[in-house]
Each structure stands twice: as C-alpha cells, then as structure tokens.
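Peer 1: Data file start.cif (mmCIF, C-alpha atoms and all ligand atoms) is appended below.
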data_query
#
loop_
_atom_site.label_atom_id
_atom_site.label_comp_id
_atom_site.auth_asym_id
_atom_site.auth_seq_id
_atom_site.Cartn_x
_atom_site.Cartn_y
_atom_site.Cartn_z
CA MET W 1 -10.89 11.31 -10.98
CA ALA W 2 -12.68 14.66 -11.23
CA GLY W 3 -13.14 16.52 -7.98
CA THR W 4 -10.51 14.61 -5.98
CA PRO W 5 -9.23 16.89 -3.21
CA PRO W 6 -5.45 17.51 -3.15
CA LEU W 7 -3.22 15.16 -1.17
CA ASP W 8 -2.08 16.32 2.25
CA THR W 9 1.64 16.65 1.43
CA SER W 10 2.57 17.12 5.10
CA GLN W 11 2.11 13.34 5.35
CA LYS W 12 4.93 12.87 2.84
CA ASP W 13 7.27 14.89 5.09
CA LEU W 14 6.41 12.57 8.00
CA TRP W 15 7.31 9.49 5.92
CA ASP W 16 10.58 11.22 5.01
CA GLU W 17 11.34 11.78 8.68
CA ILE W 18 11.05 8.10 9.61
CA ALA W 19 12.42 6.65 6.36
CA PHE W 20 15.80 5.61 7.75
CA GLU W 21 14.48 4.78 11.25
CA LYS W 22 11.56 2.40 10.87
CA ASP W 23 11.44 -1.07 9.38
CA PHE W 24 8.28 -2.61 7.92
CA HIS W 25 7.36 -6.22 8.67
CA ASP W 26 4.04 -7.02 7.02
CA THR W 27 4.21 -10.56 5.59
CA PHE W 28 4.10 -11.02 1.82
CA TYR W 29 2.43 -14.35 0.99
CA LEU W 30 4.43 -15.43 -2.04
CA ALA W 31 2.78 -18.88 -2.13
CA HIS W 32 -0.49 -17.20 -3.15
CA PHE W 33 1.05 -14.62 -5.49
CA ALA W 34 3.42 -16.92 -7.41
CA PRO W 35 0.82 -19.15 -9.16
CA LEU W 36 -0.74 -16.03 -10.73
CA VAL W 37 2.40 -14.00 -11.52
CA LYS W 38 5.28 -15.59 -13.42
CA SER W 39 8.92 -14.63 -12.77
CA GLY W 40 9.40 -12.48 -15.93
CA GLU W 41 6.12 -10.60 -15.64
CA SER W 42 6.04 -6.88 -14.82
CA ILE W 43 5.31 -6.00 -11.22
CA ILE W 44 4.72 -2.56 -9.70
CA ASP W 45 4.93 -2.05 -5.96
CA PHE W 46 3.03 1.19 -5.24
CA GLY W 47 4.11 2.81 -1.95
CA CYS W 48 7.19 0.60 -2.06
CA GLY W 49 8.93 2.34 0.85
CA TYR W 50 12.61 1.30 0.86
CA GLY W 51 11.93 -1.66 -1.47
CA ARG W 52 11.54 -4.42 1.12
CA VAL W 53 8.83 -6.40 -0.74
CA LEU W 54 10.53 -5.98 -4.14
CA GLN W 55 13.79 -7.27 -2.70
CA TYR W 56 11.93 -10.32 -1.39
CA LEU W 57 10.51 -10.90 -4.89
CA PHE W 58 13.94 -10.33 -6.46
CA GLU W 59 15.40 -13.01 -4.18
CA ALA W 60 12.53 -15.30 -5.21
CA GLY W 61 13.56 -14.96 -8.89
CA TYR W 62 11.37 -12.09 -10.13
CA SER W 63 13.21 -9.66 -12.40
CA ASN W 64 10.74 -7.18 -13.94
CA LEU W 65 10.21 -5.07 -10.83
CA ARG W 66 9.46 -1.37 -10.29
CA GLY W 67 8.66 0.47 -7.11
CA TYR W 68 7.05 3.90 -6.71
CA ASP W 69 6.81 5.98 -3.57
CA PHE W 70 6.12 9.67 -2.85
CA SER W 71 8.77 9.93 -0.11
CA PRO W 72 12.22 10.96 -1.43
CA GLU W 73 13.90 9.63 1.72
CA MET W 74 12.26 6.19 1.38
CA ILE W 75 13.52 5.98 -2.19
CA LYS W 76 16.97 7.18 -1.06
CA ARG W 77 17.15 4.44 1.60
CA GLY W 78 16.02 1.83 -0.95
CA LYS W 79 18.71 2.87 -3.41
CA VAL W 80 21.36 2.49 -0.70
CA LEU W 81 20.07 -0.90 0.45
CA TYR W 82 19.14 -2.39 -2.93
CA PRO W 83 20.92 -0.49 -5.75
CA HIS W 84 19.86 -3.15 -8.30
CA LEU W 85 16.13 -2.35 -7.81
CA LYS W 86 14.25 0.23 -9.92
CA LEU W 87 12.78 2.48 -7.24
CA LYS W 88 11.24 5.72 -8.48
CA LEU W 89 10.05 8.85 -6.77
CA LEU W 90 6.50 9.89 -7.68
CA GLU W 91 6.48 13.54 -8.72
CA ASN W 92 3.51 15.90 -8.57
CA ASP W 93 0.25 13.95 -8.25
CA ALA W 94 1.24 11.02 -6.07
CA LEU W 95 -1.82 8.96 -6.95
CA SER W 96 -0.92 8.52 -10.63
CA ILE W 97 1.21 5.63 -11.83
CA PRO W 98 3.42 6.84 -14.69
CA VAL W 99 2.96 3.85 -17.01
CA ASP W 100 0.77 3.07 -20.05
CA ASP W 101 -2.73 1.58 -19.88
CA THR W 102 -2.89 -2.23 -19.48
CA SER W 103 0.93 -2.50 -19.51
CA VAL W 104 1.47 -4.15 -16.11
CA ASP W 105 0.98 -7.78 -15.00
CA ALA W 106 0.73 -7.22 -11.23
CA VAL W 107 0.45 -4.40 -8.69
CA ILE W 108 1.24 -4.66 -4.99
CA LEU W 109 -0.16 -2.41 -2.25
CA SER W 110 1.48 -3.53 0.98
CA THR W 111 0.19 -1.44 3.91
CA VAL W 112 -0.38 1.60 1.72
CA LEU W 113 -4.17 2.06 1.85
CA CYS W 114 -3.87 2.66 5.60
CA CYS W 115 -1.60 5.64 4.80
CA ILE W 116 -4.19 7.17 2.44
CA PRO W 117 -6.97 8.15 4.87
CA ASP W 118 -9.09 10.02 2.30
CA ILE W 119 -11.56 7.61 0.68
CA THR W 120 -11.67 9.59 -2.58
CA HIS W 121 -7.88 9.20 -2.81
CA GLN W 122 -8.12 5.45 -2.19
CA LYS W 123 -10.75 5.16 -4.93
CA LYS W 124 -8.58 7.14 -7.31
CA LEU W 125 -5.62 4.85 -6.63
CA ILE W 126 -7.63 1.66 -7.17
CA SER W 127 -9.04 3.10 -10.38
CA GLU W 128 -5.49 3.99 -11.49
CA ILE W 129 -4.38 0.42 -10.75
CA GLY W 130 -7.31 -0.80 -12.86
CA ARG W 131 -6.03 1.41 -15.69
CA VAL W 132 -2.43 0.13 -15.67
CA LEU W 133 -3.15 -3.59 -15.12
CA ARG W 134 -3.70 -5.82 -18.14
CA PRO W 135 -6.91 -7.88 -18.18
CA GLY W 136 -6.26 -10.88 -15.94
CA GLY W 137 -3.52 -8.98 -14.09
CA ALA W 138 -3.07 -9.41 -10.33
CA LEU W 139 -3.60 -6.97 -7.47
CA TYR W 140 -2.12 -7.99 -4.10
CA ILE W 141 -3.33 -5.90 -1.15
CA SER W 142 -2.33 -6.26 2.46
CA ASP W 143 -3.56 -3.79 5.04
CA PHE W 144 -5.26 -3.30 8.38
CA LEU W 145 -8.86 -4.01 9.36
CA ILE W 146 -10.82 -2.37 12.16
CA SER W 147 -9.41 -3.90 15.33
CA THR W 148 -11.17 -4.88 18.54
CA ASP W 149 -8.00 -4.53 20.64
CA LYS W 150 -8.59 -2.16 23.57
CA LYS W 151 -5.43 -0.13 22.88
CA VAL W 152 -6.53 0.44 19.28
CA LEU W 153 -10.15 1.18 20.28
CA ASN W 154 -8.83 4.09 22.34
CA LYS W 155 -7.04 5.40 19.25
CA TYR W 156 -10.24 5.13 17.19
CA GLU W 157 -12.15 7.06 19.85
CA GLY W 158 -9.55 9.86 19.85
CA GLY W 159 -9.55 9.79 16.06
CA TYR W 160 -13.33 10.01 15.88
CA GLU W 161 -13.29 13.17 17.98
CA LYS W 162 -10.72 14.72 15.66
CA PHE W 163 -11.73 13.43 12.22
CA SER W 164 -15.42 12.40 12.72
CA GLU W 165 -14.66 9.05 11.10
CA TYR W 166 -14.34 5.72 12.91
CA GLY W 167 -11.06 3.91 12.16
CA VAL W 168 -9.11 7.05 11.26
CA TYR W 169 -6.57 8.26 13.82
CA GLN W 170 -3.24 10.02 14.23
CA THR W 171 -0.17 7.90 15.10
CA SER W 172 2.52 8.91 17.59
CA ASP W 173 4.57 10.01 14.53
CA GLY W 174 1.77 12.39 13.50
CA MET W 175 0.59 10.33 10.53
CA ILE W 176 -3.12 10.12 9.84
CA VAL W 177 -4.04 6.51 9.12
CA ARG W 178 -7.18 4.52 8.36
CA HIS W 179 -8.19 1.01 9.37
CA HIS W 180 -10.92 -0.58 7.27
CA GLU W 181 -13.98 -2.79 7.41
CA SER W 182 -13.53 -5.85 5.18
CA SER W 183 -16.82 -4.92 3.46
CA TYR W 184 -15.32 -1.53 2.59
CA ILE W 185 -12.24 -3.14 0.97
CA ARG W 186 -14.51 -5.47 -0.99
CA ALA W 187 -16.57 -2.51 -2.24
CA LEU W 188 -13.36 -0.64 -3.14
CA THR W 189 -12.21 -3.59 -5.25
CA GLU W 190 -15.65 -4.45 -6.68
CA ASN W 191 -14.37 -4.27 -10.27
CA PHE W 192 -11.85 -7.03 -9.53
CA LEU W 193 -12.34 -10.74 -8.94
CA GLU W 194 -11.38 -11.76 -5.39
CA LEU W 195 -9.18 -14.88 -5.48
CA TRP W 196 -7.87 -15.09 -1.92
CA TRP W 197 -8.46 -13.38 1.45
CA TYR W 198 -6.65 -14.11 4.71
CA GLU W 199 -6.72 -12.38 8.11
CA GLU W 200 -4.24 -12.55 10.97
CA ALA W 201 -3.07 -10.71 14.07
CA SER W 202 -0.13 -8.45 13.30
CA GLU W 203 1.72 -5.31 14.44
CA THR W 204 2.11 -1.79 13.06
CA MET W 205 5.57 -0.33 12.43
CA ASN W 206 5.26 1.15 15.95
CA GLY W 207 4.62 -2.26 17.52
CA ASN W 208 0.90 -1.72 18.12
CA PRO W 209 -1.46 -4.70 17.72
CA VAL W 210 -3.54 -4.73 14.53
CA HIS W 211 -5.81 -7.08 12.63
CA ALA W 212 -4.23 -7.46 9.19
CA PHE W 213 -5.63 -8.84 5.96
CA HIS W 214 -3.86 -10.17 2.88
CA SER W 215 -5.68 -10.53 -0.39
CA LEU W 216 -5.28 -11.24 -4.05
CA PHE W 217 -7.55 -9.91 -6.79
CA GLN W 218 -7.61 -10.25 -10.55
CA LYS W 219 -8.60 -7.60 -13.08
CA ILE W 220 -11.65 -8.96 -14.83
CA SER W 221 -11.53 -7.19 -18.20
C1 LIG M 301 3.85 1.43 5.84
S1 LIG M 301 4.88 1.90 4.51
C2 LIG M 301 4.94 0.37 3.59
C3 LIG M 301 6.11 0.30 2.63
C4 LIG M 301 6.16 -0.96 1.77
N1 LIG M 301 4.95 -1.09 0.98
C5 LIG M 301 6.37 -2.20 2.60
O1 LIG M 301 5.41 -2.95 2.84
O2 LIG M 301 7.51 -2.41 3.04
C6 LIG M 301 3.84 2.90 3.52
C7 LIG M 301 4.56 3.56 2.34
O3 LIG M 301 3.60 4.19 1.52
C8 LIG M 301 4.11 5.43 1.08
N2 LIG M 301 2.96 6.28 0.76
C9 LIG M 301 2.02 6.74 1.60
N3 LIG M 301 1.12 7.49 0.94
C10 LIG M 301 1.50 7.48 -0.36
C11 LIG M 301 0.98 8.10 -1.54
N4 LIG M 301 -0.11 8.82 -1.51
N5 LIG M 301 1.63 7.86 -2.69
C12 LIG M 301 2.74 7.11 -2.73
N6 LIG M 301 3.31 6.53 -1.65
C13 LIG M 301 2.68 6.70 -0.48
C14 LIG M 301 4.95 5.94 2.25
O4 LIG M 301 5.92 6.88 1.84
C15 LIG M 301 5.57 4.63 2.75
O5 LIG M 301 6.80 4.38 2.12
#
Using structure tokens, write down the structure from this file.
Peer 2:
Amino acid sequence: MAGTPPLDTSQKDLWDEIAFEKDFHDTFYLAHFAPLVKSGESIIDFGCGYGRVLQYLFEAGYSNLRGYDFSPEMIKRGKVLYPHLKLKLLENDALSIPVDDTSVDAVILSTVLCCIPDITHQKKLISEIGRVLRPGGALYISDFLISTDKKVLNKYEGGYEKFSEYGVYQTSDGMIVRHHESSYIRALTENFLELWWYEEASETMNGNPVHAFHSLFQKIS
C-alpha cells in the first residue's frame, strides 16, 4: 500500500525478548473453522509465534500448514518445540506474505492485530491477506476488543496521554498494543463476508483481563 509508514522494528526486539518466556492461550475455535477448511487445504498462520495454533491444527489432522512471524526467537522456539512444522521468519517488510496471489485456502490471525497498533499497517495486512486467499478462502481472526474493565481503562487513559488514541497503550513489557471496537474490525474486513462472530472474557499473555473476539470471514471474490 503506497504511503504506509515503516514498521517500528523495536517491537520485534521486544517479541524476541519474551519468545522463550511467555505462553499464549487464546482459544482457537476449531468447530467453526473445520466446516470451511478441509484437512488437506493450505493454511497460513500469520504472526504464528512459536507455532501453538498450527500444532493444534496438526494434531487435528491438518497437514498443509505454514507459519510466518517477524520474530527470529519465536521461530527458533517453534522449531525446537515442533520441528515438523514449517515456520518461517519474515524478512524485510514484515507485512508481506511471500506467497502467490489466490494460492492459499485459509489465513489465521490469532492475537496479531493487537500487536500492530498502526491502522495503516493493519489495513495493509488485511489487504495482503485478501491478495493471497483464493476466492471463498477463510480468514480466522481472534483479538481483543475495547474493554470496560477498570484495570484496562487505566491503561487506555495512560495510553491516550502518550499516543492520543483510545485503546492503544504500552504493556509492562514495553510493547505498544491496540484494542479495537467491533465496528472497526468490521470496517477493516468489509471486503470479506462475515460468517461467525463470538465474544468472551479472556486474559492477555500477562494475565490481564480482556474482552476477546473470535471470528470467521470468507473472501467474497
Ligand atoms: C500474541 S503473539 C500470538 C502468537 C500466535 N498467533 C498465537 O496465538 O499463539 C503475537 C505474535 O505476532 C508476532 N507479530 C507481531 N507483529 C508482527 C508483524 N508486524 N509481522 C509479523 N509478526 C508479527 C509476534 O512476534 C508474536 O509472535
């Protein structure tokens, strides 16, 4: 996308620092994914971390799996834990997916949008996903919505002072994260057909309360 500002690569270093320390827990709702994506179909997990979601899919019988992440240490941990998985480090521009147009059956973004606080970067990533997915392909997104929890409201207030945007704040690890309005996510994915949307109380990797959503979209054409 023309005019997209460069990624803040200091964020990548922060993910490297915690790669072997923190575990991710966000639920993957296979019961909603499986009817749309068959076991031999090609699946890309963007921002795959150490491969947790892909391993879950592997155990469920999926075989055509690839994960991409911009953190070398996340990929390193994934290769130690799950050497059978294809986990790849994204070089250079971390918002490009190095595969051909319309060559992929499904893309997963599990708690990745929250780690991309710049809206132009989020838009670029969703547009890139639209490029690589085949018509009718699936996009599974889980992430965090704006919370009403008092502890999180305090973070938003501190974040607003620093970044002048509500829902963006800095974690105790130094990462800059974004929580979203559901209407914003729906606008971001307006070129996809929404098939399923579910919200629940959850926790961040640091154990803080959050309001999570899980969703499934389909590329229209
Ligand atoms: C909260 S973790 C989630 C990992 C994995 N999706 C899961 O659910 O287990 C977010 C991951 O996104 C990766 N990430 C953040 N920004 C990224 C970017 N711009 N490009 C690629 N990966 C990114 C981080 O390195 C980290 O591994």
Peer 1: Enumerate, in order of chain and increasing residue number, the residues of chain W with an atom no farther than 8 Å from ligand LIG 301 (chain M), each with its shortest atom pair and distance in Å to one decimal, counting all atoms listed in the file, as JSON lines.
Peer 2:
{"residue": "W:Leu7", "atom": "CA", "partner": "M:LIG301", "partner_atom": "N4", "distance": 7.1}
{"residue": "W:Gln11", "atom": "CA", "partner": "M:LIG301", "partner_atom": "N3", "distance": 7.4}
{"residue": "W:Lys12", "atom": "CA", "partner": "M:LIG301", "partner_atom": "O4", "distance": 6.2}
{"residue": "W:Trp15", "atom": "CA", "partner": "M:LIG301", "partner_atom": "O4", "distance": 5.0}
{"residue": "W:Asp16", "atom": "CA", "partner": "M:LIG301", "partner_atom": "O4", "distance": 7.1}
{"residue": "W:Ala19", "atom": "CA", "partner": "M:LIG301", "partner_atom": "O5", "distance": 7.4}
{"residue": "W:Asp23", "atom": "CA", "partner": "M:LIG301", "partner_atom": "O2", "distance": 7.6}
{"residue": "W:Phe24", "atom": "CA", "partner": "M:LIG301", "partner_atom": "O2", "distance": 4.9}
{"residue": "W:His25", "atom": "CA", "partner": "M:LIG301", "partner_atom": "O2", "distance": 6.8}
{"residue": "W:Asp26", "atom": "CA", "partner": "M:LIG301", "partner_atom": "O1", "distance": 6.0}
{"residue": "W:Asp45", "atom": "CA", "partner": "M:LIG301", "partner_atom": "N1", "distance": 7.0}
{"residue": "W:Phe46", "atom": "CA", "partner": "M:LIG301", "partner_atom": "C12", "distance": 6.4}
{"residue": "W:Gly47", "atom": "CA", "partner": "M:LIG301", "partner_atom": "O3", "distance": 3.8}
{"residue": "W:Cys48", "atom": "CA", "partner": "M:LIG301", "partner_atom": "N1", "distance": 4.1}
{"residue": "W:Gly49", "atom": "CA", "partner": "M:LIG301", "partner_atom": "O5", "distance": 3.2}
{"residue": "W:Tyr50", "atom": "CA", "partner": "M:LIG301", "partner_atom": "O2", "distance": 6.7}
{"residue": "W:Gly51", "atom": "CA", "partner": "M:LIG301", "partner_atom": "O2", "distance": 6.4}
{"residue": "W:Arg52", "atom": "CA", "partner": "M:LIG301", "partner_atom": "O2", "distance": 4.9}
{"residue": "W:Val53", "atom": "CA", "partner": "M:LIG301", "partner_atom": "O2", "distance": 5.7}
{"residue": "W:Tyr68", "atom": "CA", "partner": "M:LIG301", "partner_atom": "C12", "distance": 6.7}
{"residue": "W:Asp69", "atom": "CA", "partner": "M:LIG301", "partner_atom": "N6", "distance": 4.0}
{"residue": "W:Phe70", "atom": "CA", "partner": "M:LIG301", "partner_atom": "C12", "distance": 4.2}
{"residue": "W:Ser71", "atom": "CA", "partner": "M:LIG301", "partner_atom": "O4", "distance": 4.6}
{"residue": "W:Met74", "atom": "CA", "partner": "M:LIG301", "partner_atom": "O5", "distance": 5.8}
{"residue": "W:Leu90", "atom": "CA", "partner": "M:LIG301", "partner_atom": "C12", "distance": 6.8}
{"residue": "W:Ala94", "atom": "CA", "partner": "M:LIG301", "partner_atom": "N5", "distance": 4.6}
{"residue": "W:Leu95", "atom": "CA", "partner": "M:LIG301", "partner_atom": "N5", "distance": 5.6}
{"residue": "W:Ile108", "atom": "CA", "partner": "M:LIG301", "partner_atom": "N1", "distance": 7.9}
{"residue": "W:Leu109", "atom": "CA", "partner": "M:LIG301", "partner_atom": "N1", "distance": 6.2}
{"residue": "W:Ser110", "atom": "CA", "partner": "M:LIG301", "partner_atom": "N1", "distance": 4.2}
{"residue": "W:Thr111", "atom": "CA", "partner": "M:LIG301", "partner_atom": "C1", "distance": 5.0}
{"residue": "W:Val112", "atom": "CA", "partner": "M:LIG301", "partner_atom": "O3", "distance": 4.8}
{"residue": "W:Leu113", "atom": "CA", "partner": "M:LIG301", "partner_atom": "N3", "distance": 7.6}
{"residue": "W:Cys114", "atom": "CA", "partner": "M:LIG301", "partner_atom": "C1", "distance": 7.8}
{"residue": "W:Cys115", "atom": "CA", "partner": "M:LIG301", "partner_atom": "C9", "distance": 5.0}
{"residue": "W:Ile116", "atom": "CA", "partner": "M:LIG301", "partner_atom": "N3", "distance": 5.5}
{"residue": "W:His121", "atom": "CA", "partner": "M:LIG301", "partner_atom": "N4", "distance": 7.9}
{"residue": "W:Met205", "atom": "CA", "partner": "M:LIG301", "partner_atom": "C1", "distance": 7.0}
Peer 1: Could you make a table, as a tab-separated table, of the residues of range 65-117 of chain W that have an atom within 9 Å of an atom of range 126-132 of chain W, each with its nearest atom pair and distance in Å to one decimal, counting all atoms listed in the file, in chain and number order?
Peer 2:
residue	atom	partner	partner_atom	distance
W:Leu95	CA	W:Glu128	CA	7.7
W:Ser96	CA	W:Glu128	CA	6.5
W:Ile97	CA	W:Glu128	CA	6.9
W:Pro98	CA	W:Val132	CA	9.0
W:Val99	CA	W:Val132	CA	6.7
W:Asp100	CA	W:Val132	CA	6.2
W:Asp101	CA	W:Val132	CA	4.5
W:Thr102	CA	W:Val132	CA	4.5
W:Ser103	CA	W:Val132	CA	5.7
W:Val104	CA	W:Val132	CA	5.8
W:Asp105	CA	W:Val132	CA	8.6
W:Val107	CA	W:Ile129	CA	7.1
Peer 1: Between W:Ser147, W:Ser142, W:Asn154, W:Thr189, single out the one closest to Gln122 in chain W, counting all atoms listed in the file.
Peer 2: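 Checking each of W:Ser147, W:Ser142, W:Asn154, W:Thr189 against Gln122 in chain W, counting all atoms listed in the file, the winner is W:Thr189.
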Peer 1: Determine, counting only C-alpha atoms, which protein, DNA and RNA residues have an atom within 10 Å of an atom of Ser39 in chain W; residues of the same chain fewer than 3 positions away are not included. Present the result as a compact mmCIF listing (two decimals) with C-alpha atoms, in the coordinates of the input.
Peer 2:
# COMPACT_ATOMS: atom_id res chain seq x y z
CA ALA W 34 3.42 -16.92 -7.41
CA PRO W 35 0.82 -19.15 -9.16
CA LEU W 36 -0.74 -16.03 -10.73
CA SER W 42 6.04 -6.88 -14.82
CA ILE W 43 5.31 -6.00 -11.22
CA LEU W 57 10.51 -10.90 -4.89
CA PHE W 58 13.94 -10.33 -6.46
CA ALA W 60 12.53 -15.30 -5.21
CA GLY W 61 13.56 -14.96 -8.89
CA TYR W 62 11.37 -12.09 -10.13
CA SER W 63 13.21 -9.66 -12.40
CA ASN W 64 10.74 -7.18 -13.94
CA LEU W 65 10.21 -5.07 -10.83
Peer 1: Select, from W:Ile75, W:Leu89, W:Ala106, W:Ile18, the residue with the minimum atom-to-atom distance to Ile44 in chain W, counting all atoms listed in the file.
Peer 2: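 Checking each candidate against Ile44 in chain W, we get W:Ala106 as the closest.
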Peer 1: Which residue out of W:Ala212, W:Phe144, W:Leu195, W:Val37 has the minimum interatomic distance to His179 in chain W when only C-alpha atoms are used?
Peer 2: W:Phe144
Peer 1: In Å, how far is it from CA of Leu85 in chain W to CA of Gly40 in chain W?
Peer 2: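 Those two atoms sit 14.6 Å apart.
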Peer 1: If you measure from CA of His214 in chain W to CA of Tyr198 in chain W, what distance in Å do you get, rounded to one decimal?
Peer 2: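 So the two atoms, CA of His214 in chain W and CA of Tyr198 in chain W, lie 5.2 Å apart.
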Peer 1: For CA of Glu203 in chain W and CA of Val168 in chain W, quote the distance in Å rounded to one decimal.
Peer 2: 16.7 Å
Peer 1: Using all atoms listed in the file, pick whichever of W:Ser202, W:Asp143, W:Tyr160, W:Ser221 has the shortest atom-to-atom distance to Ile185 in chain W.
Peer 2: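 Looking at the shortest contact to Ile185 in chain W, the residue is W:Asp143.
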Peer 1: Using only C-alpha atoms, can you tell me which of W:His32, W:Lys38, W:Lys219, W:Lys150 comes closest to Gly137 in chain W?
Peer 2: W:Lys219
Peer 1: Using only C-alpha atoms, which of the listed residues (W:Ser183, W:Phe192, W:Tyr166, W:Gly207) sits closest to Leu153 in chain W?
Peer 2: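 Going through W:Ser183, W:Phe192, W:Tyr166, W:Gly207 one by one, the smallest distance to Leu153 in chain W is for W:Tyr166.
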Peer 1: Could you model N, CA and C atoms for range 202-213 of chain W and present them as a CSV table (one decimal), keeping the file's coordinate frame?
Peer 2:
chain,number,residue,atom,x,y,z
W,202,SER,N,-1.4,-9.0,13.7
W,202,SER,CA,-0.1,-8.4,13.3
W,202,SER,C,0.2,-7.2,14.1
W,203,GLU,N,1.3,-6.5,13.7
W,203,GLU,CA,1.7,-5.3,14.4
W,203,GLU,C,2.0,-4.2,13.5
W,204,THR,N,1.7,-2.9,13.9
W,204,THR,CA,2.1,-1.8,13.1
W,204,THR,C,3.6,-1.6,13.1
W,205,MET,N,4.1,-0.6,12.4
W,205,MET,CA,5.6,-0.3,12.4
W,205,MET,C,6.0,0.2,13.8
W,206,ASN,N,5.0,0.6,14.6
W,206,ASN,CA,5.3,1.2,16.0
W,206,ASN,C,5.0,0.1,17.0
W,207,GLY,N,4.8,-1.2,16.6
W,207,GLY,CA,4.6,-2.3,17.5
W,207,GLY,C,3.2,-2.4,18.1
W,208,ASN,N,2.3,-1.6,17.6
W,208,ASN,CA,0.9,-1.7,18.1
W,208,ASN,C,0.1,-2.9,17.5
W,209,PRO,N,-0.7,-3.5,18.3
W,209,PRO,CA,-1.5,-4.7,17.7
W,209,PRO,C,-2.5,-4.3,16.7
W,210,VAL,N,-2.5,-5.0,15.6
W,210,VAL,CA,-3.5,-4.7,14.5
W,210,VAL,C,-4.1,-6.0,14.0
W,211,HIS,N,-5.2,-5.9,13.3
W,211,HIS,CA,-5.8,-7.1,12.6
W,211,HIS,C,-5.6,-6.9,11.1
W,212,ALA,N,-4.6,-7.7,10.6
W,212,ALA,CA,-4.2,-7.5,9.2
W,212,ALA,C,-5.0,-8.4,8.2
W,213,PHE,N,-5.1,-7.9,7.0
W,213,PHE,CA,-5.6,-8.8,6.0
W,213,PHE,C,-4.6,-8.9,4.8
